[in-house]
Amino acid sequence: MRPIKREFQLITQEFNLNRHKGVDLRCVDDNTFENLPVIMTERSQILRQGIDGYGNYYLVVKPLQNTYYKEIKYIHIDKTNFNIGDIIEKDDFISFCIIGGNSKILHLHFETWGKPVGMSVIIPENPVEYFNICGINNKIKDKS
Ligand SMILES: [Zn+2]
């Protein structure tokens, strides 16, 4: 059900450490083409939000359960009414995906940044690992 409110997360663009530091998730219903809500994957604290250099709205949160992960980023969403430091509960509504910046097709760009033992910096990791840890159903869109 998370981060897009649907049965499973449909990955339309996979993670690549050099070229794509997250996954793209389809955020419209396959039948009705309704824009589906973006919801919080777990209880999290708002770290920052704004508009990136490409003109995309983003929201960055700190997960409070899976604390290996230091930042989770939601990109291509409409701006929220959250304040820095707010605590948002699992499954709570965040926003809707929007077209804007360098996004031409409605989708959520979703990143998970972890901090491996012994490293002083956080690094982007494949969100599929996070989905699997959290029990979030996901599948990769058929390349046809
Ligand atoms: Zn993307």
# chains A, B, ... in the order shown; residues from 1 in each chain; ligands from 1
$ residues_near_ligand --ligand "ligand 1" --cutoff "6 Å" --atoms "only C-alpha atoms and all ligand atoms" --output "number ranges by chain"
A: 23-24, 109
$ residues_around --residues "segment 86-94 of chain A" --least-positions-apart "2" --cutoff "9 Å" --atoms "only C-alpha atoms" --output "list of chain:residue names"
A:Met1, A:Arg2, A:Pro3, A:Lys5, A:Pro37, A:Val38, A:Ile39, A:Met40, A:Thr41, A:Glu42, A:Arg43, A:Ser44, A:Gln45, A:Ile46, A:Leu47, A:Ile77, A:Asp78, A:Thr80, A:Asn81, A:Phe82, A:Asn83, A:Ile84, A:Phe96
$ write_last_selection --atoms "C-alpha atoms" --output "short mmCIF file (atom, residue, chain, number, x, y, z; two decimals), in the first residue's frame"
data_model
loop_
_atom_site.label_atom_id
_atom_site.label_comp_id
_atom_site.auth_asym_id
_atom_site.auth_seq_id
_atom_site.Cartn_x
_atom_site.Cartn_y
_atom_site.Cartn_z
CA MET A 1 0.00 0.00 0.00
CA ARG A 2 2.96 2.37 0.31
CA PRO A 3 4.35 4.79 -0.81
CA LYS A 5 -1.68 3.87 -2.19
CA PRO A 37 -2.34 9.37 -3.11
CA VAL A 38 1.29 9.29 -2.00
CA ILE A 39 1.41 8.05 1.60
CA MET A 40 4.09 7.68 4.27
CA THR A 41 5.90 4.33 4.28
CA GLU A 42 6.48 4.41 8.04
CA ARG A 43 6.38 6.80 11.02
CA SER A 44 8.81 9.52 9.94
CA GLN A 45 10.00 13.03 10.73
CA ILE A 46 10.06 15.82 8.16
CA LEU A 47 13.65 16.91 7.47
CA ILE A 77 4.96 15.61 -5.56
CA ASP A 78 2.83 18.67 -4.97
CA THR A 80 2.72 19.84 1.36
CA ASN A 81 1.62 21.74 4.44
CA PHE A 82 4.16 19.96 6.65
CA ASN A 83 6.67 21.83 8.78
CA ILE A 84 10.25 20.79 9.42
CA PHE A 96 -0.20 13.76 -4.99
#
$ closest_residue --among "A:Lys21, A:Arg6, A:Lys73, A:Lys139" --to "Arg48 of chain A" --atoms "only C-alpha atoms"
A:Lys73
$ select_by_dssp --residues "segment 3-141 of chain A" --states "helix (DSSP H, G or I)" --output "count of residues only"
8
$ residues_around --residues "Phe8 of chain A" --least-positions-apart "4" --cutoff "12 Å" --atoms "only C-alpha atoms" --output "mmCIF file with N, CA and C atoms, in the first residue's frame"
data_model
loop_
_atom_site.group_PDB
_atom_site.id
_atom_site.type_symbol
_atom_site.label_atom_id
_atom_site.label_comp_id
_atom_site.auth_asym_id
_atom_site.auth_seq_id
_atom_site.Cartn_x
_atom_site.Cartn_y
_atom_site.Cartn_z
ATOM 1 N N MET A 1 0.821 -1.220 0.000
ATOM 2 C CA MET A 1 0.000 0.000 0.000
ATOM 3 C C MET A 1 0.856 1.272 0.000
ATOM 4 N N ARG A 2 2.146 1.175 0.150
ATOM 5 C CA ARG A 2 2.960 2.374 0.310
ATOM 6 C C ARG A 2 4.165 2.305 -0.619
ATOM 7 N N PRO A 3 4.754 3.391 -1.042
ATOM 8 C CA PRO A 3 4.349 4.786 -0.805
ATOM 9 C C PRO A 3 3.213 5.271 -1.698
ATOM 10 N N ILE A 4 2.911 4.528 -2.774
ATOM 11 C CA ILE A 4 1.714 4.854 -3.542
ATOM 12 C C ILE A 4 0.590 3.995 -2.986
ATOM 13 N N LEU A 25 7.922 5.202 -9.539
ATOM 14 C CA LEU A 25 6.735 4.408 -9.231
ATOM 15 C C LEU A 25 5.526 4.995 -9.947
ATOM 16 N N ARG A 26 4.792 4.102 -10.594
ATOM 17 C CA ARG A 26 3.571 4.544 -11.260
ATOM 18 C C ARG A 26 2.579 4.987 -10.194
ATOM 19 N N CYS A 27 1.971 6.158 -10.407
ATOM 20 C CA CYS A 27 1.076 6.697 -9.372
ATOM 21 C C CYS A 27 -0.335 6.936 -9.886
ATOM 22 N N ASP A 29 -3.946 4.908 -11.245
ATOM 23 C CA ASP A 29 -4.659 3.634 -11.285
ATOM 24 C C ASP A 29 -4.683 3.120 -12.727
ATOM 25 N N ASP A 30 -4.422 1.816 -12.900
ATOM 26 C CA ASP A 30 -4.296 1.263 -14.248
ATOM 27 C C ASP A 30 -5.608 1.283 -15.023
ATOM 28 N N VAL A 128 14.130 -1.106 -3.548
ATOM 29 C CA VAL A 128 13.506 -2.431 -3.507
ATOM 30 C C VAL A 128 13.913 -3.165 -2.224
ATOM 31 N N PHE A 131 11.728 -1.773 0.406
ATOM 32 C CA PHE A 131 10.364 -2.317 0.257
ATOM 33 C C PHE A 131 10.301 -3.725 0.844
ATOM 34 N N ASN A 132 11.316 -4.536 0.547
ATOM 35 C CA ASN A 132 11.298 -5.919 1.013
ATOM 36 C C ASN A 132 11.418 -5.997 2.535
ATOM 37 N N GLY A 135 8.074 -5.123 3.913
ATOM 38 C CA GLY A 135 6.942 -5.928 3.460
ATOM 39 C C GLY A 135 6.028 -5.189 2.506
ATOM 40 N N ILE A 136 6.620 -4.318 1.698
ATOM 41 C CA ILE A 136 5.843 -3.552 0.718
ATOM 42 C C ILE A 136 5.921 -4.289 -0.620
ATOM 43 N N ASN A 137 4.775 -4.777 -1.107
ATOM 44 C CA ASN A 137 4.743 -5.502 -2.382
ATOM 45 C C ASN A 137 5.219 -4.605 -3.509
ATOM 46 N N ASN A 138 6.033 -5.166 -4.388
ATOM 47 C CA ASN A 138 6.512 -4.358 -5.507
ATOM 48 C C ASN A 138 6.842 -5.253 -6.673
ATOM 49 N N LYS A 139 6.744 -4.703 -7.872
ATOM 50 C CA LYS A 139 7.181 -5.439 -9.052
ATOM 51 C C LYS A 139 7.635 -4.474 -10.123
ATOM 52 N N ILE A 140 8.481 -4.989 -10.984
ATOM 53 C CA ILE A 140 9.037 -4.176 -12.045
ATOM 54 C C ILE A 140 8.141 -4.291 -13.269
ATOM 55 N N LYS A 141 7.845 -3.168 -13.878
ATOM 56 C CA LYS A 141 6.962 -3.146 -15.049
ATOM 57 C C LYS A 141 7.612 -3.959 -16.169
#
$ residues_around --residues "segment 103-106 of chain A" --least-positions-apart "6" --cutoff "9 Å" --atoms "only C-alpha atoms" --output "list in words"
Arg26, Cys27, Val28, Asn35, Asn56, His76 and Cys97 of chain A
$ write_last_selection --atoms "C-alpha atoms" --output "compact mmCIF listing (two decimals), in the first residue's frame"
# COMPACT_ATOMS: atom_id res chain seq x y z
CA ARG A 26 3.57 4.54 -11.26
CA CYS A 27 1.08 6.70 -9.37
CA VAL A 28 -2.06 6.39 -11.49
CA ASN A 35 -3.97 10.03 -9.61
CA ASN A 56 10.82 19.41 -8.94
CA HIS A 76 7.67 15.00 -8.15
CA CYS A 97 2.29 13.34 -7.82
$ residues_around --residues "Tyr57 of chain A" --least-positions-apart "3" --cutoff "10 Å" --atoms "only C-alpha atoms" --output "PyMOL selection string"
chain A and resi 49-54+74-80+97-101
$ write_last_selection --atoms "N, CA and C atoms" --output "PDB file, in the first residue's frame"
ATOM      1  N   GLN A  49      12.024  20.217   2.718  1.00  0.00           N
ATOM      2  CA  GLN A  49      11.242  20.148   1.489  1.00  0.00           C
ATOM      3  C   GLN A  49      11.515  21.397   0.693  1.00  0.00           C
ATOM      4  N   GLY A  50      11.199  21.343  -0.579  1.00  0.00           N
ATOM      5  CA  GLY A  50      11.445  22.512  -1.405  1.00  0.00           C
ATOM      6  C   GLY A  50      11.383  22.156  -2.871  1.00  0.00           C
ATOM      7  N   ILE A  51      12.095  22.935  -3.671  1.00  0.00           N
ATOM      8  CA  ILE A  51      12.145  22.723  -5.115  1.00  0.00           C
ATOM      9  C   ILE A  51      13.597  22.524  -5.496  1.00  0.00           C
ATOM     10  N   ASP A  52      13.903  21.428  -6.181  1.00  0.00           N
ATOM     11  CA  ASP A  52      15.297  21.155  -6.538  1.00  0.00           C
ATOM     12  C   ASP A  52      15.720  21.946  -7.780  1.00  0.00           C
ATOM     13  N   GLY A  53      16.957  21.755  -8.193  1.00  0.00           N
ATOM     14  CA  GLY A  53      17.511  22.500  -9.309  1.00  0.00           C
ATOM     15  C   GLY A  53      16.834  22.247 -10.644  1.00  0.00           C
ATOM     16  N   TYR A  54      16.031  21.182 -10.712  1.00  0.00           N
ATOM     17  CA  TYR A  54      15.297  20.875 -11.948  1.00  0.00           C
ATOM     18  C   TYR A  54      13.856  21.369 -11.901  1.00  0.00           C
ATOM     19  N   TYR A  74      10.901  11.823  -1.426  1.00  0.00           N
ATOM     20  CA  TYR A  74       9.738  11.755  -2.316  1.00  0.00           C
ATOM     21  C   TYR A  74       9.862  12.929  -3.280  1.00  0.00           C
ATOM     22  N   ILE A  75       9.963  12.646  -4.577  1.00  0.00           N
ATOM     23  CA  ILE A  75      10.182  13.710  -5.561  1.00  0.00           C
ATOM     24  C   ILE A  75       9.109  13.645  -6.648  1.00  0.00           C
ATOM     25  N   HIS A  76       8.754  14.804  -7.172  1.00  0.00           N
ATOM     26  CA  HIS A  76       7.670  15.003  -8.151  1.00  0.00           C
ATOM     27  C   HIS A  76       6.306  14.985  -7.471  1.00  0.00           C
ATOM     28  N   ILE A  77       6.261  15.501  -6.238  1.00  0.00           N
ATOM     29  CA  ILE A  77       4.964  15.612  -5.561  1.00  0.00           C
ATOM     30  C   ILE A  77       4.592  17.086  -5.443  1.00  0.00           C
ATOM     31  N   ASP A  78       3.306  17.320  -5.205  1.00  0.00           N
ATOM     32  CA  ASP A  78       2.832  18.675  -4.965  1.00  0.00           C
ATOM     33  C   ASP A  78       3.279  19.096  -3.564  1.00  0.00           C
ATOM     34  N   LYS A  79       3.436  20.396  -3.367  1.00  0.00           N
ATOM     35  CA  LYS A  79       3.946  20.860  -2.067  1.00  0.00           C
ATOM     36  C   LYS A  79       2.967  20.515  -0.955  1.00  0.00           C
ATOM     37  N   THR A  80       3.527  20.276   0.223  1.00  0.00           N
ATOM     38  CA  THR A  80       2.722  19.841   1.361  1.00  0.00           C
ATOM     39  C   THR A  80       2.578  20.982   2.362  1.00  0.00           C
ATOM     40  N   CYS A  97       1.261  13.112  -6.810  1.00  0.00           N
ATOM     41  CA  CYS A  97       2.286  13.339  -7.819  1.00  0.00           C
ATOM     42  C   CYS A  97       1.825  14.446  -8.754  1.00  0.00           C
ATOM     43  N   ILE A  98       2.778  15.225  -9.227  1.00  0.00           N
ATOM     44  CA  ILE A  98       2.460  16.274 -10.196  1.00  0.00           C
ATOM     45  C   ILE A  98       3.484  16.256 -11.325  1.00  0.00           C
ATOM     46  N   ILE A  99       3.050  16.770 -12.468  1.00  0.00           N
ATOM     47  CA  ILE A  99       3.966  17.008 -13.579  1.00  0.00           C
ATOM     48  C   ILE A  99       4.637  18.341 -13.301  1.00  0.00           C
ATOM     49  N   GLY A 100       5.926  18.397 -13.504  1.00  0.00           N
ATOM     50  CA  GLY A 100       6.614  19.659 -13.261  1.00  0.00           C
ATOM     51  C   GLY A 100       8.095  19.425 -13.268  1.00  0.00           C
ATOM     52  N   GLY A 101       8.867  20.491 -13.373  1.00  0.00           N
ATOM     53  CA  GLY A 101      10.312  20.332 -13.421  1.00  0.00           C
ATOM     54  C   GLY A 101      10.695  19.473 -14.601  1.00  0.00           C
TER      55      GLY A 101
END
$ residues_around --residues "segment 113-115 of chain A" --least-positions-apart "5" --cutoff "6 Å" --atoms "only C-alpha atoms" --output "JSON, numbers by chain"
{"A": [68, 69, 70, 71, 122, 123, 124, 125]}
$ write_last_selection --atoms "C-alpha atoms" --output "PDB file, in the first residue's frame"
ATOM      1  CA  TYR A  68      19.435   2.190   9.167  1.00  0.00           C
ATOM      2  CA  TYR A  69      17.888   4.524   6.615  1.00  0.00           C
ATOM      3  CA  LYS A  70      18.673   8.167   7.318  1.00  0.00           C
ATOM      4  CA  GLU A  71      16.703   9.862   4.553  1.00  0.00           C
ATOM      5  CA  ILE A 122      24.869   8.379   3.642  1.00  0.00           C
ATOM      6  CA  ILE A 123      24.497   6.693   0.265  1.00  0.00           C
ATOM      7  CA  PRO A 124      21.577   6.009  -2.066  1.00  0.00           C
ATOM      8  CA  GLU A 125      20.488   2.376  -2.015  1.00  0.00           C
TER       9      GLU A 125
END
$ select_by_dssp --residues "chain A" --states "strand (DSSP E or B)" --output "PyMOL selection string"
chain A and resi 4+9-13+16+20+23-26+28+35+37-39+44-51+57-63+69-75+77+87-88+93-97+100+103+107-114+123-125+138-140
$ closest_residue --among "A:Thr112, A:Asn126, A:Ser120, A:Asn18" --to "Val60 of chain A" --atoms "only C-alpha atoms"
A:Thr112
$ closest_residue --among "A:Val61, A:Ile72, A:Ile133, A:Met119" --to "Gly85 of chain A" --atoms "only C-alpha atoms"
A:Val61
